$ cat data.cif   # mmCIF, C-alpha atoms
data_start
#
loop_
_atom_site.group_PDB
_atom_site.id
_atom_site.type_symbol
_atom_site.label_atom_id
_atom_site.label_comp_id
_atom_site.auth_asym_id
_atom_site.auth_seq_id
_atom_site.Cartn_x
_atom_site.Cartn_y
_atom_site.Cartn_z
ATOM 1 C CA MET H 1 0.000 0.000 0.000
ATOM 2 C CA ALA H 2 1.803 3.052 -1.294
ATOM 3 C CA GLN H 3 0.029 5.394 1.079
ATOM 4 C CA ASP H 4 1.397 3.621 4.155
ATOM 5 C CA ALA H 5 4.599 5.559 3.520
ATOM 6 C CA LYS H 6 7.107 4.947 6.252
ATOM 7 C CA PHE H 7 5.054 3.992 9.303
ATOM 8 C CA GLY H 8 6.669 0.935 10.780
ATOM 9 C CA LYS H 9 7.428 -0.184 14.316
ATOM 10 C CA LYS H 10 9.980 2.527 15.015
ATOM 11 C CA GLU H 11 7.581 5.311 14.072
ATOM 12 C CA ILE H 12 4.856 3.737 16.212
ATOM 13 C CA TRP H 13 7.060 3.823 19.307
ATOM 14 C CA GLN H 14 8.067 7.406 18.472
ATOM 15 C CA VAL H 15 4.417 8.493 18.506
ATOM 16 C CA PHE H 16 3.917 6.627 21.805
ATOM 17 C CA ILE H 17 6.844 8.447 23.379
ATOM 18 C CA PHE H 18 5.479 11.730 22.050
ATOM 19 C CA LEU H 19 2.057 11.054 23.608
ATOM 20 C CA SER H 20 3.621 10.026 26.919
ATOM 21 C CA VAL H 21 5.783 13.150 27.021
ATOM 22 C CA VAL H 22 2.765 15.376 26.330
ATOM 23 C CA THR H 23 0.851 13.620 29.138
ATOM 24 C CA VAL H 24 3.773 14.143 31.534
ATOM 25 C CA ILE H 25 3.884 17.838 30.555
ATOM 26 C CA GLU H 26 0.175 18.089 31.333
ATOM 27 C CA PHE H 27 0.791 16.634 34.793
ATOM 28 C CA ILE H 28 3.686 19.017 35.389
ATOM 29 C CA ILE H 29 1.425 21.938 34.437
ATOM 30 C CA ALA H 30 -1.275 20.571 36.735
ATOM 31 C CA PHE H 31 1.017 20.449 39.738
ATOM 32 C CA THR H 32 3.439 23.325 39.361
ATOM 33 C CA MET H 33 1.381 26.225 38.047
ATOM 34 C CA GLY H 34 -0.478 28.140 40.736
ATOM 35 C CA GLU H 35 -4.177 28.723 41.262
ATOM 36 C CA ASN H 36 -4.314 32.312 40.009
ATOM 37 C CA VAL H 37 -3.235 31.359 36.484
ATOM 38 C CA LYS H 38 -6.118 28.916 36.180
ATOM 39 C CA THR H 39 -7.275 30.228 32.795
ATOM 40 C CA ILE H 40 -3.837 29.834 31.218
ATOM 41 C CA LYS H 41 -3.588 26.354 32.749
ATOM 42 C CA ASN H 42 -6.898 25.378 31.190
ATOM 43 C CA ILE H 43 -5.983 26.778 27.805
ATOM 44 C CA LEU H 44 -2.713 24.813 27.912
ATOM 45 C CA PHE H 45 -4.577 21.634 28.892
ATOM 46 C CA VAL H 46 -7.036 21.985 26.020
ATOM 47 C CA VAL H 47 -4.277 22.759 23.511
ATOM 48 C CA LEU H 48 -2.183 19.781 24.655
ATOM 49 C CA THR H 49 -5.247 17.521 24.539
ATOM 50 C CA ILE H 50 -5.902 18.577 20.950
ATOM 51 C CA VAL H 51 -2.238 17.863 20.166
ATOM 52 C CA LYS H 52 -2.650 14.354 21.639
ATOM 53 C CA ALA H 53 -5.903 13.868 19.745
ATOM 54 C CA TYR H 54 -4.132 14.827 16.534
ATOM 55 C CA GLY H 55 -1.345 12.342 17.260
ATOM 56 C CA ILE H 56 -3.809 9.521 17.891
ATOM 57 C CA MET H 57 -6.086 10.287 14.955
ATOM 58 C CA ALA H 58 -3.392 11.021 12.384
ATOM 59 C CA TYR H 59 -0.936 8.231 13.216
ATOM 60 C CA PHE H 60 -2.626 5.503 15.253
ATOM 61 C CA MET H 61 -5.892 5.724 13.350
ATOM 62 C CA HIS H 62 -3.941 6.305 10.167
ATOM 63 C CA LEU H 63 -6.043 9.258 9.113
ATOM 64 C CA LYS H 64 -3.031 11.272 7.948
ATOM 65 C CA PHE H 65 -2.293 8.739 5.243
ATOM 66 C CA GLU H 66 -5.797 8.490 3.836
ATOM 67 C CA PHE H 67 -7.251 10.225 0.806
ATOM 68 C CA SER H 68 -7.806 13.932 1.309
ATOM 69 C CA ASN H 69 -11.550 13.920 0.720
ATOM 70 C CA PHE H 70 -11.960 11.124 3.269
ATOM 71 C CA LYS H 71 -9.980 13.120 5.797
ATOM 72 C CA MET H 72 -12.311 16.072 5.257
ATOM 73 C CA THR H 73 -15.391 13.857 5.584
ATOM 74 C CA ILE H 74 -14.262 12.974 9.084
ATOM 75 C CA ILE H 75 -12.847 16.296 10.249
ATOM 76 C CA ILE H 76 -15.385 18.848 8.991
ATOM 77 C CA PRO H 77 -18.386 17.578 11.045
ATOM 78 C CA PHE H 78 -16.449 18.456 14.192
ATOM 79 C CA ALA H 79 -17.062 22.095 13.345
ATOM 80 C CA PHE H 80 -20.571 21.420 14.664
ATOM 81 C CA VAL H 81 -19.133 20.156 17.943
ATOM 82 C CA LEU H 82 -17.013 23.270 18.246
ATOM 83 C CA LEU H 83 -20.029 25.504 17.597
ATOM 84 C CA LEU H 84 -22.087 23.672 20.212
ATOM 85 C CA LEU H 85 -19.254 23.942 22.721
ATOM 86 C CA ILE H 86 -18.902 27.690 22.258
ATOM 87 C CA ALA H 87 -22.662 28.248 22.291
ATOM 88 C CA LEU H 88 -23.331 26.203 25.420
ATOM 89 C CA ILE H 89 -20.409 27.572 27.407
ATOM 90 C CA TYR H 90 -21.767 31.031 26.721
ATOM 91 C CA GLU H 91 -25.248 29.884 27.752
ATOM 92 C CA GLY H 92 -23.808 28.368 30.891
ATOM 93 C CA THR H 93 -22.387 31.651 32.036
ATOM 94 C CA THR H 94 -25.556 33.648 31.443
ATOM 95 C CA LEU H 95 -28.310 31.178 32.198
ATOM 96 C CA ASN H 96 -29.369 30.862 35.794
ATOM 97 C CA LEU H 97 -29.594 27.080 35.664
ATOM 98 C CA TRP H 98 -28.856 26.641 39.308
ATOM 99 C CA THR H 99 -32.186 28.024 40.335
ATOM 100 C CA PHE H 100 -33.667 24.870 38.800
ATOM 101 C CA LEU H 101 -31.124 22.315 39.988
ATOM 102 C CA LYS H 102 -30.971 20.771 43.460
ATOM 103 C CA MET V 1 -5.415 2.108 -5.357
ATOM 104 C CA ALA V 2 -2.436 4.405 -5.807
ATOM 105 C CA ASN V 3 -3.577 5.406 -9.283
ATOM 106 C CA GLN V 4 -6.985 6.444 -8.045
ATOM 107 C CA ALA V 5 -5.673 9.958 -7.686
ATOM 108 C CA ALA V 6 -5.154 10.031 -11.445
ATOM 109 C CA VAL V 7 -8.718 8.944 -12.151
ATOM 110 C CA SER V 8 -10.989 11.787 -13.173
ATOM 111 C CA ASN V 9 -13.788 12.986 -10.927
ATOM 112 C CA GLN V 10 -16.437 11.485 -13.119
ATOM 113 C CA ASN V 11 -14.991 8.003 -12.886
ATOM 114 C CA LEU V 12 -14.383 8.298 -9.166
ATOM 115 C CA TRP V 13 -18.040 8.901 -8.369
ATOM 116 C CA GLY V 14 -19.462 6.880 -11.232
ATOM 117 C CA GLY V 15 -19.902 3.752 -9.156
ATOM 118 C CA GLY V 16 -18.598 0.290 -9.913
ATOM 119 C CA GLU V 17 -17.109 -2.606 -8.046
ATOM 120 C CA ASP V 18 -13.517 -1.596 -7.545
ATOM 121 C CA VAL V 19 -13.950 2.165 -7.359
ATOM 122 C CA LYS V 20 -13.372 3.686 -3.909
ATOM 123 C CA PRO V 21 -14.286 7.390 -3.977
ATOM 124 C CA LEU V 22 -13.040 7.920 -0.447
ATOM 125 C CA GLY V 23 -9.956 5.812 -0.975
ATOM 126 C CA ALA V 24 -10.758 3.300 1.760
ATOM 127 C CA SER V 25 -12.795 0.140 1.808
ATOM 128 C CA TYR V 26 -16.503 0.125 2.701
ATOM 129 C CA GLY V 27 -15.902 -1.459 6.094
ATOM 130 C CA LYS V 28 -13.292 1.068 7.120
ATOM 131 C CA VAL V 29 -15.361 4.045 5.949
ATOM 132 C CA MET V 30 -18.371 2.752 7.852
ATOM 133 C CA MET V 31 -16.355 2.202 11.015
ATOM 134 C CA TRP V 32 -15.107 5.789 10.747
ATOM 135 C CA PHE V 33 -18.653 7.095 10.249
ATOM 136 C CA PHE V 34 -19.793 5.186 13.315
ATOM 137 C CA ILE V 35 -16.863 6.617 15.257
ATOM 138 C CA VAL V 36 -17.848 10.156 14.232
ATOM 139 C CA SER V 37 -21.421 9.557 15.416
ATOM 140 C CA ASP V 38 -20.186 8.108 18.703
ATOM 141 C CA ALA V 39 -17.834 11.059 19.071
ATOM 142 C CA PHE V 40 -20.861 13.320 18.750
ATOM 143 C CA THR V 41 -22.571 11.417 21.553
ATOM 144 C CA PHE V 42 -19.593 11.867 23.856
ATOM 145 C CA SER V 43 -19.281 15.499 22.782
ATOM 146 C CA GLY V 44 -22.906 16.011 23.784
ATOM 147 C CA LEU V 45 -22.207 14.584 27.233
ATOM 148 C CA LEU V 46 -18.987 16.518 27.718
ATOM 149 C CA ILE V 47 -20.471 19.787 26.471
ATOM 150 C CA SER V 48 -23.406 19.477 28.874
ATOM 151 C CA TYR V 49 -20.821 18.932 31.587
ATOM 152 C CA ALA V 50 -19.132 22.152 30.456
ATOM 153 C CA LEU V 51 -22.479 23.976 30.504
ATOM 154 C CA LEU V 52 -23.362 22.843 34.027
ATOM 155 C CA ARG V 53 -19.908 23.425 35.409
ATOM 156 C CA VAL V 54 -19.456 26.875 33.923
ATOM 157 C CA GLY V 55 -22.842 27.922 35.269
ATOM 158 C CA SER V 56 -22.247 26.686 38.782
ATOM 159 C CA PRO V 57 -20.977 28.894 41.572
ATOM 160 C CA LYS V 58 -19.185 26.016 43.278
ATOM 161 C CA TRP V 59 -17.514 22.887 41.918
ATOM 162 C CA ALA V 60 -15.342 20.060 43.210
ATOM 163 C CA ASN V 61 -11.563 20.303 43.147
ATOM 164 C CA PRO V 62 -10.266 17.285 41.205
ATOM 165 C CA GLU V 63 -7.051 17.106 43.202
ATOM 166 C CA GLU V 64 -9.090 16.659 46.358
ATOM 167 C CA VAL V 65 -11.520 14.128 44.931
ATOM 168 C CA PHE V 66 -9.096 11.897 43.027
ATOM 169 C CA HIS V 67 -6.243 11.440 45.419
ATOM 170 C CA ALA V 68 -6.362 7.745 46.262
ATOM 171 C CA PHE V 69 -4.216 4.899 45.009
ATOM 172 C CA PRO V 70 -4.859 1.189 45.443
ATOM 173 C CA PHE V 71 -3.038 -0.486 48.342
ATOM 174 C CA MET V 72 -1.674 2.846 49.560
ATOM 175 C CA GLY V 73 -4.318 3.364 52.223
ATOM 176 C CA ASP V 74 -4.830 7.011 53.089
ATOM 177 C CA ALA V 75 -1.901 8.348 51.094
ATOM 178 C CA HIS V 76 -2.643 11.641 49.353
ATOM 179 C CA LEU V 77 -1.527 11.067 45.780
ATOM 180 C CA PRO V 78 -3.555 13.491 43.681
ATOM 181 C CA LEU V 79 -4.172 12.399 40.086
ATOM 182 C CA VAL V 80 -1.512 9.665 40.216
ATOM 183 C CA PHE V 81 -3.977 6.816 39.744
ATOM 184 C CA VAL V 82 -5.696 8.449 36.782
ATOM 185 C CA GLY V 83 -2.268 9.078 35.283
ATOM 186 C CA LEU V 84 -1.627 5.351 35.516
ATOM 187 C CA MET V 85 -4.985 4.621 33.861
ATOM 188 C CA THR V 86 -4.201 7.033 31.025
ATOM 189 C CA PHE V 87 -0.825 5.433 30.527
ATOM 190 C CA ILE V 88 -2.346 1.925 30.465
ATOM 191 C CA LEU V 89 -4.884 2.936 27.825
ATOM 192 C CA ILE V 90 -2.354 4.742 25.623
ATOM 193 C CA PHE V 91 -0.024 1.746 25.884
ATOM 194 C CA SER V 92 -2.814 -0.631 24.868
ATOM 195 C CA SER V 93 -3.447 1.671 21.884
ATOM 196 C CA VAL V 94 0.207 1.278 20.917
ATOM 197 C CA THR V 95 0.026 -2.510 21.090
ATOM 198 C CA MET V 96 -3.124 -2.287 18.951
ATOM 199 C CA VAL V 97 -1.284 -0.298 16.263
ATOM 200 C CA LEU V 98 1.530 -2.853 16.429
ATOM 201 C CA ALA V 99 -1.055 -5.613 15.907
ATOM 202 C CA VAL V 100 -2.429 -3.804 12.846
ATOM 203 C CA GLU V 101 1.088 -3.292 11.519
ATOM 204 C CA ALA V 102 1.847 -6.988 12.031
ATOM 205 C CA GLY V 103 -1.373 -7.762 10.172
ATOM 206 C CA HIS V 104 -0.150 -5.761 7.194
ATOM 207 C CA ARG V 105 2.851 -8.085 7.094
ATOM 208 C CA ASN V 106 0.599 -11.159 7.445
ATOM 209 C CA SER V 107 2.517 -12.094 10.586
ATOM 210 C CA LYS V 108 -0.034 -14.209 12.490
ATOM 211 C CA LYS V 109 2.131 -14.811 15.564
ATOM 212 C CA GLU V 110 2.774 -11.128 16.165
ATOM 213 C CA VAL V 111 -0.867 -10.232 15.630
ATOM 214 C CA ILE V 112 -1.782 -12.736 18.351
ATOM 215 C CA LYS V 113 0.912 -11.414 20.669
ATOM 216 C CA TYR V 114 -0.124 -7.782 20.319
ATOM 217 C CA MET V 115 -3.861 -8.478 20.431
ATOM 218 C CA ILE V 116 -3.405 -10.337 23.725
ATOM 219 C CA MET V 117 -1.442 -7.387 25.128
ATOM 220 C CA THR V 118 -4.151 -4.975 23.992
ATOM 221 C CA ILE V 119 -6.879 -7.080 25.601
ATOM 222 C CA LEU V 120 -4.924 -7.294 28.856
ATOM 223 C CA GLY V 121 -4.432 -3.524 28.770
ATOM 224 C CA GLY V 122 -8.172 -3.030 28.332
ATOM 225 C CA ILE V 123 -8.978 -5.380 31.203
ATOM 226 C CA ALA V 124 -6.395 -3.607 33.384
ATOM 227 C CA PHE V 125 -8.025 -0.245 32.608
ATOM 228 C CA LEU V 126 -11.489 -1.572 33.445
ATOM 229 C CA SER V 127 -10.198 -3.014 36.724
ATOM 230 C CA CYS V 128 -8.650 0.335 37.624
ATOM 231 C CA GLN V 129 -11.897 2.128 36.790
ATOM 232 C CA ALA V 130 -13.873 -0.370 38.878
ATOM 233 C CA TRP V 131 -11.551 0.221 41.840
ATOM 234 C CA GLU V 132 -11.865 3.998 41.399
ATOM 235 C CA TRP V 133 -15.669 3.789 41.339
ATOM 236 C CA THR V 134 -15.811 1.519 44.380
ATOM 237 C CA HIS V 135 -13.454 3.743 46.322
ATOM 238 C CA LEU V 136 -15.355 6.936 45.445
ATOM 239 C CA ILE V 137 -18.734 5.418 46.291
ATOM 240 C CA HIS V 138 -17.462 4.170 49.653
ATOM 241 C CA GLY V 139 -16.062 7.631 50.281
ATOM 242 C CA GLY V 140 -19.434 9.232 49.766
ATOM 243 C CA THR V 141 -19.242 10.379 46.160
ATOM 244 C CA THR V 142 -22.345 8.888 44.587
ATOM 245 C CA ILE V 143 -24.967 9.937 42.092
ATOM 246 C CA TYR V 144 -27.043 11.257 44.992
ATOM 247 C CA GLY V 145 -24.462 13.630 46.366
ATOM 248 C CA ASN V 146 -20.852 14.047 47.300
ATOM 249 C CA PRO V 147 -18.868 15.808 50.030
ATOM 250 C CA HIS V 148 -16.826 17.869 47.563
ATOM 251 C CA GLY V 149 -19.326 19.917 45.603
ATOM 252 C CA PRO V 150 -22.779 19.892 44.030
ATOM 253 C CA ALA V 151 -24.511 16.568 43.450
ATOM 254 C CA VAL V 152 -24.371 16.997 39.686
ATOM 255 C CA PHE V 153 -20.583 16.572 39.838
ATOM 256 C CA GLY V 154 -20.926 12.948 40.883
ATOM 257 C CA GLN V 155 -23.804 12.405 38.501
ATOM 258 C CA LEU V 156 -21.839 13.659 35.521
ATOM 259 C CA PHE V 157 -18.701 11.809 36.603
ATOM 260 C CA PHE V 158 -20.404 8.425 36.828
ATOM 261 C CA ALA V 159 -22.489 8.993 33.710
ATOM 262 C CA ILE V 160 -19.549 9.953 31.501
ATOM 263 C CA THR V 161 -16.946 7.543 32.856
ATOM 264 C CA GLY V 162 -19.623 4.838 32.893
ATOM 265 C CA PHE V 163 -20.473 5.480 29.281
ATOM 266 C CA HIS V 164 -16.784 5.407 28.434
ATOM 267 C CA GLY V 165 -16.275 2.223 30.475
ATOM 268 C CA ALA V 166 -19.088 0.562 28.520
ATOM 269 C CA HIS V 167 -17.249 1.414 25.315
ATOM 270 C CA VAL V 168 -13.988 -0.011 26.695
ATOM 271 C CA THR V 169 -15.865 -3.189 27.657
ATOM 272 C CA SER V 170 -17.391 -3.614 24.221
ATOM 273 C CA GLY V 171 -13.966 -2.870 22.708
ATOM 274 C CA VAL V 172 -12.367 -5.605 24.803
ATOM 275 C CA ILE V 173 -15.108 -8.039 23.764
ATOM 276 C CA LEU V 174 -14.605 -7.176 20.083
ATOM 277 C CA ASN V 175 -10.845 -7.611 20.475
ATOM 278 C CA ILE V 176 -11.389 -11.039 22.068
ATOM 279 C CA ILE V 177 -13.639 -12.044 19.167
ATOM 280 C CA VAL V 178 -11.014 -10.963 16.634
ATOM 281 C CA LEU V 179 -8.325 -12.826 18.608
ATOM 282 C CA ILE V 180 -10.433 -15.989 18.456
ATOM 283 C CA LEU V 181 -10.832 -15.479 14.710
ATOM 284 C CA VAL V 182 -7.046 -15.241 14.341
ATOM 285 C CA PHE V 183 -6.613 -18.478 16.289
ATOM 286 C CA ASN V 184 -9.218 -20.218 14.154
ATOM 287 C CA GLY V 185 -7.391 -19.352 10.954
ATOM 288 C CA TYR V 186 -10.016 -16.965 9.569
ATOM 289 C CA PHE V 187 -7.294 -14.568 8.435
ATOM 290 C CA ASP V 188 -5.111 -17.395 7.120
ATOM 291 C CA ARG V 189 -7.951 -18.337 4.782
ATOM 292 C CA ARG V 190 -8.117 -14.747 3.573
ATOM 293 C CA VAL V 191 -4.375 -14.659 2.965
ATOM 294 C CA GLN V 192 -4.584 -17.895 0.976
ATOM 295 C CA ALA V 193 -7.513 -16.560 -1.046
ATOM 296 C CA GLY V 194 -5.266 -13.677 -2.078
ATOM 297 C CA GLU V 195 -7.416 -10.979 -0.504
ATOM 298 C CA HIS V 196 -6.153 -7.450 -0.959
ATOM 299 C CA ASP V 197 -5.974 -6.684 2.781
ATOM 300 C CA PRO V 198 -6.466 -9.938 4.676
ATOM 301 C CA TYR V 199 -6.078 -8.513 8.185
ATOM 302 C CA GLU V 200 -8.394 -5.599 7.579
ATOM 303 C CA LEU V 201 -10.740 -6.650 10.388
ATOM 304 C CA VAL V 202 -7.896 -6.119 12.865
ATOM 305 C CA GLU V 203 -7.497 -2.616 11.515
ATOM 306 C CA LYS V 204 -11.213 -1.852 11.794
ATOM 307 C CA VAL V 205 -11.456 -3.070 15.360
ATOM 308 C CA GLY V 206 -8.254 -1.141 16.010
ATOM 309 C CA LEU V 207 -9.956 2.059 14.868
ATOM 310 C CA TYR V 208 -12.677 1.491 17.472
ATOM 311 C CA TRP V 209 -10.078 0.875 20.159
ATOM 312 C CA HIS V 210 -8.226 4.078 19.287
ATOM 313 C CA PHE V 211 -11.498 5.962 19.428
ATOM 314 C CA VAL V 212 -12.001 4.634 22.967
ATOM 315 C CA ASP V 213 -8.525 5.882 23.898
ATOM 316 C CA LEU V 214 -9.198 9.238 22.239
ATOM 317 C CA VAL V 215 -12.378 9.748 24.255
ATOM 318 C CA TRP V 216 -10.506 8.915 27.439
ATOM 319 C CA VAL V 217 -7.899 11.590 26.627
ATOM 320 C CA PHE V 218 -10.718 14.161 26.512
ATOM 321 C CA VAL V 219 -12.561 12.826 29.563
ATOM 322 C CA PHE V 220 -9.293 12.807 31.514
ATOM 323 C CA THR V 221 -8.575 16.419 30.593
ATOM 324 C CA PHE V 222 -12.020 17.819 31.314
ATOM 325 C CA PHE V 223 -12.728 15.925 34.521
ATOM 326 C CA TYR V 224 -9.358 15.571 36.164
ATOM 327 C CA LEU V 225 -7.214 18.427 34.879
ATOM 328 C CA VAL V 226 -9.367 21.443 34.035
#
$ encode --input "data.cif" --output "structure tokens"
Amino acid sequence: MAQDAKFGKKEIWQVFIFLSVVTVIEFIIAFTMGENVKTIKNILFVVLTIVKAYGIMAYFMHLKFEFSNFKMTIIIPFAFVLLLLIALIYEGTTLNLWTFLK
Amino acid sequence: MANQAAVSNQNLWGGGEDVKPLGASYGKVMMWFFIVSDAFTFSGLLISYALLRVGSPKWANPEEVFHAFPFMGDAHLPLVFVGLMTFILIFSSVTMVLAVEAGHRNSKKEVIKYMIMTILGGIAFLSCQAWEWTHLIHGGTTIYGNPHGPAVFGQLFFAITGFHGAHVTSGVILNIIVLILVFNGYFDRRVQAGEHDPYELVEKVGLYWHFVDLVWVFVFTFFYLV
């Protein structure tokens, strides 16, 4: 399969080490950064999680080596997820939900 | 398949037995589509968690809730156990990729070896999750309330990790089925028949397993870190 390019055992372990290192960095951020930089911490966590997700999807799930229009078929629907996330986080801050809960 | 890129648009979408407009086989495309739909389900759960958490005046501190480790009694080891769980799941993902890679080389022995390691990794993760649940419930964090924050924290935690755990369980069962198929020579028959990609089923079930790992990466971030 020509599109497998060069993705043998060595590359697999490289991606694993990359993912482990990113996870360790996340833990270091979790423990060393203080409480008053919480927003920056969270942004870093989300960014690093997306980096890990890219590593898993592109290399382990092989998506990077697939046809371009197939890649788009999978990736573009997540724009809806992003929209929902932004919309509901905004709603969460303005809606007084907690008058209904508990 | 490599010369599909040279085929004109009309031929690509014109139908026919050997034409693959998306470049991958039907089974793989369908598994991906299922994964996208399942990802939407988890996104729905996680986004509602975001909504409820962002709107709440008070929430639990993950480092206080998740500080136990098996066999260490009362030791305060914040987030260590979940770090172990994450590592176990990522490692089982690696062994899964190695199994798929061995399948591409038609190496039956290695496929068996790596599939067994993946299954053991999945069972180890489920055992860890079961211990975590038992410990939390005995400590008072249940779906009815918890000592750390609003009741909805526990409810969301058990709902989302439970849903994820169900996916890990079904993934382990699928992996066991594929392992049995390898033992029974199902893939050997495909190799002998000269199939284009005899071990494709290992790859498809591998996609599902990676999806399970991917979801855990997000659950881990949004429940334990953020």
$ residues_around --input "data.cif" --residues "Val54 in chain V" --least-positions-apart "6" --cutoff "7 Å" --atoms "all atoms listed in the file" --output "ChimeraX atom specification"
/H:89,92-93
$ closest_atom_pairs --input "data.cif" --of "chain H" --to "chain V" --cutoff "8 Å" --atoms "only C-alpha atoms" --output "CSV"
residue,atom,partner,partner_atom,distance
H:Met1,CA,V:Ala2,CA,7.7
H:Ala2,CA,V:Ala2,CA,6.3
H:Gln3,CA,V:Ala2,CA,7.4
H:Gly8,CA,V:Glu101,CA,7.0
H:Lys9,CA,V:Leu98,CA,6.8
H:Ile12,CA,V:Val94,CA,7.1
H:Trp13,CA,V:Val94,CA,7.5
H:Phe16,CA,V:Val94,CA,6.6
H:Leu19,CA,V:Ile90,CA,8.0
H:Ser20,CA,V:Phe87,CA,7.3
H:Ala30,CA,V:Leu225,CA,6.6
H:Lys41,CA,V:Val226,CA,7.7
H:Asn42,CA,V:Val226,CA,5.4
H:Phe45,CA,V:Thr221,CA,6.8
H:Val46,CA,V:Thr221,CA,7.4
H:Thr49,CA,V:Phe218,CA,6.7
H:Lys52,CA,V:Val217,CA,7.8
H:Ala53,CA,V:Leu214,CA,6.2
H:Ile56,CA,V:Leu214,CA,6.9
H:Met57,CA,V:His210,CA,7.9
H:Phe60,CA,V:Val97,CA,6.0
H:Met61,CA,V:Leu207,CA,5.7
H:Glu66,CA,V:Gly23,CA,6.9
H:Phe67,CA,V:Gly23,CA,5.5
H:Asn69,CA,V:Leu22,CA,6.3
H:Phe70,CA,V:Leu22,CA,5.0
H:Ile74,CA,V:Val36,CA,6.9
H:Val81,CA,V:Ser43,CA,6.7
H:Leu84,CA,V:Ile47,CA,7.5
H:Leu85,CA,V:Ile47,CA,5.7
H:Leu88,CA,V:Leu51,CA,5.6
H:Ile89,CA,V:Leu51,CA,5.2
H:Glu91,CA,V:Leu51,CA,7.1
H:Gly92,CA,V:Gly55,CA,4.5
H:Thr93,CA,V:Gly55,CA,5.0
H:Thr94,CA,V:Gly55,CA,7.4
H:Leu95,CA,V:Gly55,CA,7.1
H:Asn96,CA,V:Gly55,CA,7.2
H:Leu97,CA,V:Gly55,CA,6.8
H:Trp98,CA,V:Ser56,CA,6.6
H:Lys102,CA,V:Ala151,CA,7.7
$ write_last_selection --input "data.cif" --atoms "C-alpha atoms" --output "short mmCIF file (atom, residue, chain, number, x, y, z; two decimals), in the coordinates of the input"
data_model
loop_
_atom_site.label_atom_id
_atom_site.label_comp_id
_atom_site.auth_asym_id
_atom_site.auth_seq_id
_atom_site.Cartn_x
_atom_site.Cartn_y
_atom_site.Cartn_z
CA MET H 1 0.00 0.00 0.00
CA ALA H 2 1.80 3.05 -1.29
CA GLN H 3 0.03 5.39 1.08
CA GLY H 8 6.67 0.94 10.78
CA LYS H 9 7.43 -0.18 14.32
CA ILE H 12 4.86 3.74 16.21
CA TRP H 13 7.06 3.82 19.31
CA PHE H 16 3.92 6.63 21.80
CA LEU H 19 2.06 11.05 23.61
CA SER H 20 3.62 10.03 26.92
CA ALA H 30 -1.27 20.57 36.74
CA LYS H 41 -3.59 26.35 32.75
CA ASN H 42 -6.90 25.38 31.19
CA PHE H 45 -4.58 21.63 28.89
CA VAL H 46 -7.04 21.98 26.02
CA THR H 49 -5.25 17.52 24.54
CA LYS H 52 -2.65 14.35 21.64
CA ALA H 53 -5.90 13.87 19.74
CA ILE H 56 -3.81 9.52 17.89
CA MET H 57 -6.09 10.29 14.96
CA PHE H 60 -2.63 5.50 15.25
CA MET H 61 -5.89 5.72 13.35
CA GLU H 66 -5.80 8.49 3.84
CA PHE H 67 -7.25 10.22 0.81
CA ASN H 69 -11.55 13.92 0.72
CA PHE H 70 -11.96 11.12 3.27
CA ILE H 74 -14.26 12.97 9.08
CA VAL H 81 -19.13 20.16 17.94
CA LEU H 84 -22.09 23.67 20.21
CA LEU H 85 -19.25 23.94 22.72
CA LEU H 88 -23.33 26.20 25.42
CA ILE H 89 -20.41 27.57 27.41
CA GLU H 91 -25.25 29.88 27.75
CA GLY H 92 -23.81 28.37 30.89
CA THR H 93 -22.39 31.65 32.04
CA THR H 94 -25.56 33.65 31.44
CA LEU H 95 -28.31 31.18 32.20
CA ASN H 96 -29.37 30.86 35.79
CA LEU H 97 -29.59 27.08 35.66
CA TRP H 98 -28.86 26.64 39.31
CA LYS H 102 -30.97 20.77 43.46
#
$ atom_distance --input "data.cif" --atom1 "CA of Pro147 in chain V" --atom2 "CA of Glu64 in chain V"
10.5 Å
$ atom_distance --input "data.cif" --atom1 "CA of Gly103 in chain V" --atom2 "CA of Tyr199 in chain V"
5.2 Å
$ atom_distance --input "data.cif" --atom1 "CA of Lys10 in chain H" --atom2 "CA of Tyr54 in chain H"
18.8 Å
$ residues_near_point --input "data.cif" --point "(-15.1, -1.6, 22.2)" --cutoff "10 Å" --atoms "only C-alpha atoms" --output "number ranges by chain"
V: 122, 164-175, 205-212
$ resolve_selection --input "data.cif" --expression "the PyMOL selection byres ((chain V and resi 124-136) around 10)" --output "ChimeraX atom specification"
/V:65-66,68-70,81-82,84-89,92,118-123,137-142,146,154,157-158,161-162,165-166,168-169,172
